[in-house]
Structures are given as structure tokens and as C-alpha cells.
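Source file: protein_26.tsv; contents: TSV, N, CA and C atoms.
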chain	number	residue	atom	x	y	z
A	1	MET	N	27.43	-8.29	-8.94
A	1	MET	CA	27.78	-7.69	-10.21
A	1	MET	C	26.59	-7.63	-11.15
A	2	ILE	N	25.84	-8.73	-11.22
A	2	ILE	CA	24.67	-8.77	-12.10
A	2	ILE	C	23.61	-7.80	-11.59
A	3	PHE	N	23.45	-7.74	-10.27
A	3	PHE	CA	22.45	-6.84	-9.68
A	3	PHE	C	22.77	-5.38	-10.00
A	4	GLY	N	24.03	-5.00	-9.92
A	4	GLY	CA	24.44	-3.63	-10.24
A	4	GLY	C	24.21	-3.30	-11.70
A	5	THR	N	24.47	-4.26	-12.58
A	5	THR	CA	24.23	-4.06	-14.01
A	5	THR	C	22.75	-3.90	-14.28
A	6	LEU	N	21.93	-4.71	-13.60
A	6	LEU	CA	20.48	-4.63	-13.77
A	6	LEU	C	19.94	-3.27	-13.31
A	7	ILE	N	20.46	-2.78	-12.21
A	7	ILE	CA	20.04	-1.46	-11.72
A	7	ILE	C	20.47	-0.37	-12.70
A	8	ALA	N	21.69	-0.47	-13.21
A	8	ALA	CA	22.17	0.53	-14.17
A	8	ALA	C	21.34	0.52	-15.45
A	9	MET	N	21.00	-0.67	-15.93
A	9	MET	CA	20.17	-0.77	-17.15
A	9	MET	C	18.77	-0.22	-16.90
A	10	SER	N	18.21	-0.55	-15.74
A	10	SER	CA	16.87	-0.05	-15.41
A	10	SER	C	16.88	1.47	-15.32
A	11	TRP	N	17.91	2.02	-14.70
A	11	TRP	CA	18.03	3.47	-14.59
A	11	TRP	C	18.16	4.12	-15.96
A	12	PHE	N	18.94	3.51	-16.85
A	12	PHE	CA	19.11	4.02	-18.21
A	12	PHE	C	17.78	4.02	-18.96
A	13	VAL	N	17.02	2.93	-18.85
A	13	VAL	CA	15.72	2.83	-19.53
A	13	VAL	C	14.76	3.87	-18.97
A	14	LEU	N	14.72	4.01	-17.66
A	14	LEU	CA	13.83	4.98	-17.03
A	14	LEU	C	14.17	6.41	-17.45
A	15	CYS	N	15.44	6.74	-17.45
A	15	CYS	CA	15.86	8.08	-17.88
A	15	CYS	C	15.58	8.31	-19.36
A	16	SER	N	15.75	7.29	-20.17
A	16	SER	CA	15.45	7.42	-21.60
A	16	SER	C	13.97	7.65	-21.83
A	17	LEU	N	13.12	6.92	-21.11
A	17	LEU	CA	11.68	7.13	-21.23
A	17	LEU	C	11.29	8.52	-20.76
A	18	TRP	N	11.89	8.98	-19.67
A	18	TRP	CA	11.60	10.32	-19.16
A	18	TRP	C	12.01	11.38	-20.18
A	19	ARG	N	13.16	11.20	-20.79
A	19	ARG	CA	13.65	12.14	-21.80
A	19	ARG	C	12.73	12.15	-23.02
A	20	MET	N	12.29	10.97	-23.46
A	20	MET	CA	11.38	10.91	-24.62
A	20	MET	C	10.05	11.57	-24.30
A	21	ALA	N	9.53	11.36	-23.09
A	21	ALA	CA	8.27	11.99	-22.70
A	21	ALA	C	8.42	13.50	-22.64
A	22	ALA	N	9.55	13.97	-22.14
A	22	ALA	CA	9.77	15.42	-22.07
A	22	ALA	C	9.83	16.03	-23.45
A	23	ILE	N	10.45	15.33	-24.38
A	23	ILE	CA	10.57	15.86	-25.74
A	23	ILE	C	9.25	15.79	-26.49
A	24	THR	N	8.55	14.66	-26.39
A	24	THR	CA	7.33	14.48	-27.18
A	24	THR	C	6.10	15.13	-26.56
A	25	ILE	N	6.08	15.29	-25.25
A	25	ILE	CA	4.91	15.87	-24.59
A	25	ILE	C	5.24	17.23	-23.99
A	26	GLY	N	6.31	17.31	-23.25
A	26	GLY	CA	6.63	18.52	-22.50
A	26	GLY	C	6.91	19.74	-23.35
A	27	ILE	N	7.73	19.59	-24.37
A	27	ILE	CA	8.08	20.74	-25.20
A	27	ILE	C	6.88	21.27	-25.97
A	28	PRO	N	6.09	20.40	-26.67
A	28	PRO	CA	4.90	20.94	-27.35
A	28	PRO	C	3.89	21.56	-26.38
A	29	LEU	N	3.72	20.93	-25.21
A	29	LEU	CA	2.79	21.47	-24.22
A	29	LEU	C	3.25	22.84	-23.74
A	30	THR	N	4.52	22.99	-23.45
A	30	THR	CA	5.06	24.27	-23.03
A	30	THR	C	4.90	25.32	-24.11
A	31	PHE	N	5.15	24.94	-25.35
A	31	PHE	CA	4.99	25.87	-26.47
A	31	PHE	C	3.54	26.33	-26.59
A	32	LEU	N	2.59	25.38	-26.53
A	32	LEU	CA	1.17	25.74	-26.62
A	32	LEU	C	0.74	26.63	-25.46
A	33	LEU	N	1.22	26.34	-24.26
A	33	LEU	CA	0.87	27.17	-23.11
A	33	LEU	C	1.41	28.58	-23.26
A	34	PHE	N	2.55	28.71	-23.88
A	34	PHE	CA	3.17	30.02	-24.07
A	34	PHE	C	2.49	30.81	-25.18
A	35	VAL	N	2.09	30.15	-26.25
A	35	VAL	CA	1.60	30.83	-27.45
A	35	VAL	C	0.09	31.05	-27.43
A	36	SER	N	-0.68	30.06	-27.01
A	36	SER	CA	-2.14	30.11	-27.17
A	36	SER	C	-2.84	30.46	-25.86
A	37	ARG	N	-3.50	31.59	-25.83
A	37	ARG	CA	-4.25	32.00	-24.64
A	37	ARG	C	-5.44	31.07	-24.40
A	38	THR	N	-6.09	30.62	-25.47
A	38	THR	CA	-7.23	29.71	-25.34
A	38	THR	C	-6.79	28.38	-24.74
A	39	PHE	N	-5.71	27.83	-25.27
A	39	PHE	CA	-5.20	26.56	-24.74
A	39	PHE	C	-4.76	26.73	-23.29
A	40	ARG	N	-4.13	27.85	-22.97
A	40	ARG	CA	-3.67	28.11	-21.60
A	40	ARG	C	-4.86	28.16	-20.63
A	41	SER	N	-5.94	28.83	-21.03
A	41	SER	CA	-7.12	28.90	-20.16
A	41	SER	C	-7.77	27.54	-20.00
A	42	SER	N	-7.86	26.79	-21.09
A	42	SER	CA	-8.44	25.46	-21.05
A	42	SER	C	-7.60	24.52	-20.19
A	43	PHE	N	-6.30	24.56	-20.38
A	43	PHE	CA	-5.40	23.71	-19.61
A	43	PHE	C	-5.44	24.08	-18.13
A	44	PHE	N	-5.48	25.38	-17.83
A	44	PHE	CA	-5.53	25.81	-16.43
A	44	PHE	C	-6.78	25.28	-15.74
A	45	SER	N	-7.94	25.38	-16.39
A	45	SER	CA	-9.16	24.90	-15.76
A	45	SER	C	-9.11	23.40	-15.53
A	46	TRP	N	-8.61	22.65	-16.53
A	46	TRP	CA	-8.49	21.20	-16.37
A	46	TRP	C	-7.51	20.86	-15.23
A	47	PHE	N	-6.36	21.50	-15.24
A	47	PHE	CA	-5.33	21.25	-14.24
A	47	PHE	C	-5.83	21.60	-12.84
A	48	PHE	N	-6.56	22.70	-12.73
A	48	PHE	CA	-7.06	23.13	-11.44
A	48	PHE	C	-8.10	22.15	-10.89
A	49	VAL	N	-8.99	21.67	-11.77
A	49	VAL	CA	-10.06	20.78	-11.32
A	49	VAL	C	-9.54	19.39	-10.99
A	50	TYR	N	-8.69	18.84	-11.83
A	50	TYR	CA	-8.28	17.44	-11.67
A	50	TYR	C	-6.97	17.22	-10.92
A	51	ILE	N	-6.11	18.21	-10.83
A	51	ILE	CA	-4.83	18.03	-10.15
A	51	ILE	C	-4.78	18.83	-8.85
A	52	ILE	N	-4.97	20.13	-8.93
A	52	ILE	CA	-4.87	20.99	-7.75
A	52	ILE	C	-6.05	20.78	-6.80
A	53	GLY	N	-7.25	20.69	-7.35
A	53	GLY	CA	-8.45	20.54	-6.52
A	53	GLY	C	-8.39	19.37	-5.56
A	54	PRO	N	-8.13	18.16	-6.05
A	54	PRO	CA	-8.08	17.02	-5.12
A	54	PRO	C	-6.99	17.13	-4.06
A	55	ILE	N	-5.93	17.84	-4.35
A	55	ILE	CA	-4.85	17.99	-3.37
A	55	ILE	C	-5.27	18.94	-2.25
A	56	PHE	N	-5.87	20.08	-2.61
A	56	PHE	CA	-6.17	21.11	-1.61
A	56	PHE	C	-7.61	21.07	-1.10
A	57	GLN	N	-8.50	20.33	-1.74
A	57	GLN	CA	-9.90	20.29	-1.33
A	57	GLN	C	-10.06	19.87	0.14
A	58	PRO	N	-9.42	18.81	0.59
A	58	PRO	CA	-9.60	18.42	2.00
A	58	PRO	C	-9.14	19.50	2.99
A	59	ARG	N	-8.15	20.28	2.61
A	59	ARG	CA	-7.64	21.33	3.51
A	59	ARG	C	-8.54	22.56	3.53
A	60	THR	N	-9.31	22.78	2.48
A	60	THR	CA	-10.11	24.00	2.40
A	60	THR	C	-11.54	23.82	2.88
A	61	ILE	N	-12.00	22.61	3.05
A	61	ILE	CA	-13.39	22.41	3.47
A	61	ILE	C	-13.65	22.95	4.88
A	62	PRO	N	-12.83	22.67	5.89
A	62	PRO	CA	-13.12	23.23	7.23
A	62	PRO	C	-13.18	24.77	7.27
A	63	PRO	N	-12.24	25.50	6.66
A	63	PRO	CA	-12.38	26.96	6.67
A	63	PRO	C	-13.63	27.44	5.92
A	64	ARG	N	-13.98	26.77	4.85
A	64	ARG	CA	-15.20	27.15	4.11
A	64	ARG	C	-16.43	26.96	4.98
A	65	ARG	N	-16.50	25.83	5.66
A	65	ARG	CA	-17.65	25.60	6.55
A	65	ARG	C	-17.74	26.70	7.60
A	66	LYS	N	-16.60	27.09	8.14
A	66	LYS	CA	-16.58	28.12	9.17
A	66	LYS	C	-17.07	29.46	8.61
A	67	VAL	N	-16.58	29.83	7.44
A	67	VAL	CA	-16.98	31.10	6.82
A	67	VAL	C	-18.46	31.09	6.48
A	68	PHE	N	-18.95	30.00	5.93
A	68	PHE	CA	-20.36	29.96	5.57
A	68	PHE	C	-21.27	29.83	6.79
A	69	GLN	N	-20.75	29.30	7.88
A	69	GLN	CA	-21.53	29.31	9.12
A	69	GLN	C	-21.67	30.74	9.63
A	70	ILE	N	-20.62	31.53	9.49
A	70	ILE	CA	-20.70	32.95	9.85
A	70	ILE	C	-21.74	33.65	8.98
A	71	LEU	N	-21.76	33.33	7.68
A	71	LEU	CA	-22.77	33.90	6.78
A	71	LEU	C	-24.17	33.50	7.23
A	72	LYS	N	-24.37	32.23	7.55
A	72	LYS	CA	-25.70	31.78	8.00
A	72	LYS	C	-26.11	32.47	9.30
A	73	ASP	N	-25.16	32.67	10.20
A	73	ASP	CA	-25.46	33.37	11.45
A	73	ASP	C	-25.84	34.83	11.20
A	74	CYS	N	-25.18	35.45	10.23
A	74	CYS	CA	-25.46	36.86	9.92
A	74	CYS	C	-26.83	37.05	9.28
A	75	VAL	N	-27.27	36.07	8.50
A	75	VAL	CA	-28.55	36.21	7.81
A	75	VAL	C	-29.65	35.41	8.50
A	76	ALA	N	-29.43	35.01	9.74
A	76	ALA	CA	-30.43	34.22	10.46
A	76	ALA	C	-31.73	34.99	10.66
A	77	ASP	N	-31.64	36.29	10.87
A	77	ASP	CA	-32.85	37.09	11.08
A	77	ASP	C	-33.39	37.64	9.76
A	78	HIS	N	-32.82	37.25	8.64
A	78	HIS	CA	-33.28	37.67	7.31
A	78	HIS	C	-34.63	37.03	7.01
A	79	ASP	N	-35.50	37.79	6.36
A	79	ASP	CA	-36.83	37.30	5.98
A	79	ASP	C	-36.68	36.11	5.03
A	80	LYS	N	-37.23	34.97	5.40
A	80	LYS	CA	-37.09	33.74	4.61
A	80	LYS	C	-37.84	33.80	3.29
A	81	ASN	N	-38.83	34.69	3.18
A	81	ASN	CA	-39.61	34.81	1.94
A	81	ASN	C	-38.85	35.58	0.86
A	82	VAL	N	-37.89	36.38	1.28
A	82	VAL	CA	-37.09	37.16	0.33
A	82	VAL	C	-35.76	36.44	0.13
A	83	PRO	N	-35.46	36.05	-1.11
A	83	PRO	CA	-34.21	35.32	-1.33
A	83	PRO	C	-32.98	36.21	-1.09
A	84	LEU	N	-31.95	35.59	-0.60
A	84	LEU	CA	-30.68	36.27	-0.37
A	84	LEU	C	-29.95	36.39	-1.70
A	85	GLU	N	-29.52	37.59	-2.05
A	85	GLU	CA	-28.81	37.83	-3.31
A	85	GLU	C	-27.31	37.72	-3.06
A	86	VAL	N	-26.65	36.83	-3.80
A	86	VAL	CA	-25.21	36.60	-3.61
A	86	VAL	C	-24.52	36.65	-4.96
A	87	LEU	N	-23.39	37.31	-5.01
A	87	LEU	CA	-22.53	37.34	-6.20
A	87	LEU	C	-21.21	36.70	-5.82
A	88	GLU	N	-20.86	35.62	-6.52
A	88	GLU	CA	-19.55	35.00	-6.29
A	88	GLU	C	-18.69	35.23	-7.52
A	89	ILE	N	-17.59	35.90	-7.32
A	89	ILE	CA	-16.66	36.21	-8.41
A	89	ILE	C	-15.51	35.22	-8.35
A	90	GLY	N	-15.21	34.60	-9.49
A	90	GLY	CA	-14.17	33.58	-9.55
A	90	GLY	C	-14.65	32.26	-9.01
A	91	VAL	N	-15.79	31.81	-9.50
A	91	VAL	CA	-16.42	30.60	-8.97
A	91	VAL	C	-15.65	29.33	-9.31
A	92	GLY	N	-14.87	29.33	-10.38
A	92	GLY	CA	-14.11	28.13	-10.75
A	92	GLY	C	-15.04	26.97	-11.04
A	93	GLU	N	-14.75	25.81	-10.47
A	93	GLU	CA	-15.61	24.64	-10.67
A	93	GLU	C	-16.73	24.58	-9.66
A	94	GLY	N	-16.83	25.56	-8.78
A	94	GLY	CA	-17.94	25.67	-7.86
A	94	GLY	C	-17.79	24.95	-6.54
A	95	PRO	N	-16.65	25.00	-5.88
A	95	PRO	CA	-16.50	24.28	-4.61
A	95	PRO	C	-17.32	24.88	-3.47
A	96	ASN	N	-17.75	26.13	-3.61
A	96	ASN	CA	-18.52	26.76	-2.53
A	96	ASN	C	-20.02	26.54	-2.65
A	97	LEU	N	-20.48	26.05	-3.78
A	97	LEU	CA	-21.92	25.97	-4.03
A	97	LEU	C	-22.66	25.15	-2.99
A	98	GLN	N	-22.04	24.12	-2.48
A	98	GLN	CA	-22.71	23.26	-1.50
A	98	GLN	C	-22.91	23.95	-0.14
A	99	PHE	N	-22.22	25.04	0.10
A	99	PHE	CA	-22.27	25.68	1.41
A	99	PHE	C	-23.25	26.85	1.51
A	100	TYR	N	-23.79	27.30	0.40
A	100	TYR	CA	-24.68	28.46	0.44
A	100	TYR	C	-25.99	28.10	1.13
A	101	PRO	N	-26.58	29.06	1.85
A	101	PRO	CA	-27.84	28.77	2.54
A	101	PRO	C	-28.99	28.59	1.55
A	102	GLU	N	-30.05	27.97	2.03
A	102	GLU	CA	-31.25	27.78	1.21
A	102	GLU	C	-31.87	29.14	0.89
A	103	ASN	N	-32.70	29.17	-0.13
A	103	ASN	CA	-33.39	30.38	-0.57
A	103	ASN	C	-32.37	31.48	-0.89
A	104	CYS	N	-31.48	31.14	-1.81
A	104	CYS	CA	-30.39	32.04	-2.16
A	104	CYS	C	-30.35	32.18	-3.68
A	105	ASN	N	-30.42	33.41	-4.18
A	105	ASN	CA	-30.22	33.67	-5.61
A	105	ASN	C	-28.74	33.93	-5.82
A	106	LEU	N	-28.10	32.98	-6.45
A	106	LEU	CA	-26.65	33.04	-6.61
A	106	LEU	C	-26.31	33.43	-8.04
A	107	THR	N	-25.52	34.47	-8.18
A	107	THR	CA	-24.98	34.88	-9.48
A	107	THR	C	-23.49	34.60	-9.43
A	108	VAL	N	-23.02	33.82	-10.42
A	108	VAL	CA	-21.61	33.45	-10.43
A	108	VAL	C	-20.93	34.07	-11.64
A	109	LEU	N	-19.66	34.36	-11.47
A	109	LEU	CA	-18.88	35.00	-12.52
A	109	LEU	C	-17.47	34.45	-12.47
A	110	ASP	N	-16.95	34.09	-13.64
A	110	ASP	CA	-15.56	33.66	-13.72
A	110	ASP	C	-14.98	34.14	-15.02
A	111	LYS	N	-13.77	34.65	-14.97
A	111	LYS	CA	-13.10	35.15	-16.15
A	111	LYS	C	-12.79	34.03	-17.14
A	112	ASN	N	-12.49	32.85	-16.62
A	112	ASN	CA	-12.13	31.72	-17.46
A	112	ASN	C	-13.39	30.96	-17.87
A	113	ARG	N	-13.78	31.07	-19.12
A	113	ARG	CA	-15.02	30.44	-19.59
A	113	ARG	C	-14.93	28.92	-19.62
A	114	PHE	N	-13.75	28.36	-19.54
A	114	PHE	CA	-13.59	26.91	-19.60
A	114	PHE	C	-13.99	26.23	-18.30
A	115	PHE	N	-14.21	26.98	-17.24
A	115	PHE	CA	-14.71	26.39	-16.01
A	115	PHE	C	-16.19	26.03	-16.11
A	116	GLU	N	-16.90	26.56	-17.10
A	116	GLU	CA	-18.33	26.29	-17.24
A	116	GLU	C	-18.63	24.81	-17.40
A	117	SER	N	-17.76	24.08	-18.06
A	117	SER	CA	-18.02	22.66	-18.30
A	117	SER	C	-17.84	21.81	-17.04
A	118	TYR	N	-17.24	22.37	-16.00
A	118	TYR	CA	-17.04	21.62	-14.77
A	118	TYR	C	-18.11	21.99	-13.77
As C-alpha cells, the full file:
Amino acid sequence: MIFGTLIAMSWFVLCSLWRMAAITIGIPLTFLLFVSRTFRSSFFSWFFVYIIGPIFQPRTIPPRRKVFQILKDCVADHDKNVPLEVLEIGVGEGPNLQFYPENCNLTVLDKNRFFESY
């Protein structure tokens, strides 16, 4: 009987804390994301770098290595004295930068200016 009461009280406290967090954090955050384009872009870049990136980064490294190995094979006969010109659109926080071949002039472009700080 005491154990059941303890579980019920713990559940009530947990749900109350969740409800308070949703009201004090979730509603204002949702409102700002809906209203402010600047806040939305800033939040997206932060969320992508710190939440989405660590989840999907391990899954995307092998395909990236494969694609960049194909690039290296294609430019193997390229003159080493002339730098390879590359344009990457949508660079984000730059997960591909480590895979580019040496002697490469890389121009990066991203619509979201808040990725620059990462």
C-alpha cells in the first residue's frame, strides 16, 4: 500500500514538473519559433549542431568517406600545382571539410548565417 502511494506521488510530481516546464519553456519557445525568423534560424543552427548532428554523424561518416574517395579518384590525374575549385552549398557546421582533398580552394555558402559561428 505504501509503495503504491509512493509511486502515485512520484508520478504526480513528475507530471507536475513536466507541465510546468511545458508552460514556462515550451510555450514561449514555440511562440518565438513561430514569430521570429531570426530566432528560428538561430535555434535551428544550434539544434542541428548539438542535437541532430551527434545523433546522425556516426551514420553519415561512411557514406561521406565513400563519396569523397570517388572525388579523389576522379581528380587523381589533376595537376597538383593547380588547386581544385570546389563550391559547397549548404555547408552547415562543416561536416564535410575534413574529407576534401589537399590543394583545394573551397568556397562555402549557407543560407543560414548562424552556422558561421560553428
Name the closest residue to Asn112 (chain A) among the candidates A:Tyr100, A:Ser41, A:Ile70, A:Thr60; distances are taken between atoms, counting all atoms listed in the file.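 Result for the nearest residue to Asn112 (chain A): A:Ser41.
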Kindly indicate which residue among A:Gly4, A:Pro101, A:Pro54, A:Gly94 lies nearest to Lys72 (chain A), using all atoms listed in the file for the distances.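 Smallest separation from Lys72 (chain A) among the options: A:Pro101.
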In Å and to one decimal, atom C of Val91 (chain A) is distant from atom N of Asp110 (chain A) by 6.6 Å
One decimal, Å: what's the distance from CA of Trp11 (chain A) over to CA of Thr24 (chain A), could you say?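 Spanning CA of Trp11 (chain A) to CA of Thr24 (chain A) is a straight-line distance of 19.9 Å.
Here CA of Asp79 (chain A) stands at a distance of 24.0 Å from CA of Arg64 (chain A).
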Apply DSSP to the structure's backbone, then extract all residues of chain A labelled strand (DSSP E or B) and return them as a PyMOL selection string. chain A and resi 84-89+104-109
Write down as a VMD selection string the residues of region 11-109 of chain A whose backbone DSSP state falls under alpha helix (DSSP H). chain A and resid 11 to 21 27 to 35 37 to 47 53 to 74
Fewer than 4 positions away in the same chain doesn't count, so skip those; otherwise give me all residues within 9 Å of Arg113 (chain A), counting only C-alpha atoms, as a PDB file with N, CA and C atoms, keeping the file's coordinate frame.
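Final output, around.pdb:
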ATOM      1  N   SER A  41      -5.940  28.830 -21.030  1.00  0.00           N
ATOM      2  CA  SER A  41      -7.120  28.900 -20.160  1.00  0.00           C
ATOM      3  C   SER A  41      -7.770  27.540 -20.000  1.00  0.00           C
ATOM      4  N   SER A  42      -7.860  26.790 -21.090  1.00  0.00           N
ATOM      5  CA  SER A  42      -8.440  25.460 -21.050  1.00  0.00           C
ATOM      6  C   SER A  42      -7.600  24.520 -20.190  1.00  0.00           C
ATOM      7  N   SER A  45      -7.940  25.380 -16.390  1.00  0.00           N
ATOM      8  CA  SER A  45      -9.160  24.900 -15.760  1.00  0.00           C
ATOM      9  C   SER A  45      -9.110  23.400 -15.530  1.00  0.00           C
ATOM     10  N   SER A 117     -17.760  24.080 -18.060  1.00  0.00           N
ATOM     11  CA  SER A 117     -18.020  22.660 -18.300  1.00  0.00           C
ATOM     12  C   SER A 117     -17.840  21.810 -17.040  1.00  0.00           C
TER      13      SER A 117
END
Can you find the residues with an atom no farther than 8 Å from (-26.2, 30.8, -4.4), counting only N, CA and C atoms, and report them as an mmCIF file with N, CA and C atoms, keeping the file's coordinate frame?
data_model
loop_
_atom_site.group_PDB
_atom_site.id
_atom_site.type_symbol
_atom_site.label_atom_id
_atom_site.label_comp_id
_atom_site.auth_asym_id
_atom_site.auth_seq_id
_atom_site.Cartn_x
_atom_site.Cartn_y
_atom_site.Cartn_z
ATOM 1 N N LEU A 84 -31.950 35.590 -0.600
ATOM 2 C CA LEU A 84 -30.680 36.270 -0.370
ATOM 3 C C LEU A 84 -29.950 36.390 -1.700
ATOM 4 N N GLU A 85 -29.520 37.590 -2.050
ATOM 5 C CA GLU A 85 -28.810 37.830 -3.310
ATOM 6 C C GLU A 85 -27.310 37.720 -3.060
ATOM 7 N N VAL A 86 -26.650 36.830 -3.800
ATOM 8 C CA VAL A 86 -25.210 36.600 -3.610
ATOM 9 C C VAL A 86 -24.520 36.650 -4.960
ATOM 10 N N LEU A 87 -23.390 37.310 -5.010
ATOM 11 C CA LEU A 87 -22.530 37.340 -6.200
ATOM 12 C C LEU A 87 -21.210 36.700 -5.820
ATOM 13 N N GLU A 88 -20.860 35.620 -6.520
ATOM 14 C CA GLU A 88 -19.550 35.000 -6.290
ATOM 15 C C GLU A 88 -18.690 35.230 -7.520
ATOM 16 N N ASN A 96 -17.750 26.130 -3.610
ATOM 17 C CA ASN A 96 -18.520 26.760 -2.530
ATOM 18 C C ASN A 96 -20.020 26.540 -2.650
ATOM 19 N N LEU A 97 -20.480 26.050 -3.780
ATOM 20 C CA LEU A 97 -21.920 25.970 -4.030
ATOM 21 C C LEU A 97 -22.660 25.150 -2.990
ATOM 22 N N PHE A 99 -22.220 25.040 0.100
ATOM 23 C CA PHE A 99 -22.270 25.680 1.410
ATOM 24 C C PHE A 99 -23.250 26.850 1.510
ATOM 25 N N TYR A 100 -23.790 27.300 0.400
ATOM 26 C CA TYR A 100 -24.680 28.460 0.440
ATOM 27 C C TYR A 100 -25.990 28.100 1.130
ATOM 28 N N PRO A 101 -26.580 29.060 1.850
ATOM 29 C CA PRO A 101 -27.840 28.770 2.540
ATOM 30 C C PRO A 101 -28.990 28.590 1.550
ATOM 31 N N GLU A 102 -30.050 27.970 2.030
ATOM 32 C CA GLU A 102 -31.250 27.780 1.210
ATOM 33 C C GLU A 102 -31.870 29.140 0.890
ATOM 34 N N ASN A 103 -32.700 29.170 -0.130
ATOM 35 C CA ASN A 103 -33.390 30.380 -0.570
ATOM 36 C C ASN A 103 -32.370 31.480 -0.890
ATOM 37 N N CYS A 104 -31.480 31.140 -1.810
ATOM 38 C CA CYS A 104 -30.390 32.040 -2.160
ATOM 39 C C CYS A 104 -30.350 32.180 -3.680
ATOM 40 N N ASN A 105 -30.420 33.410 -4.180
ATOM 41 C CA ASN A 105 -30.220 33.670 -5.610
ATOM 42 C C ASN A 105 -28.740 33.930 -5.820
ATOM 43 N N LEU A 106 -28.100 32.980 -6.450
ATOM 44 C CA LEU A 106 -26.650 33.040 -6.610
ATOM 45 C C LEU A 106 -26.310 33.430 -8.040
ATOM 46 N N THR A 107 -25.520 34.470 -8.180
ATOM 47 C CA THR A 107 -24.980 34.880 -9.480
ATOM 48 C C THR A 107 -23.490 34.600 -9.430
ATOM 49 N N VAL A 108 -23.020 33.820 -10.420
ATOM 50 C CA VAL A 108 -21.610 33.450 -10.430
ATOM 51 C C VAL A 108 -20.930 34.070 -11.640
#
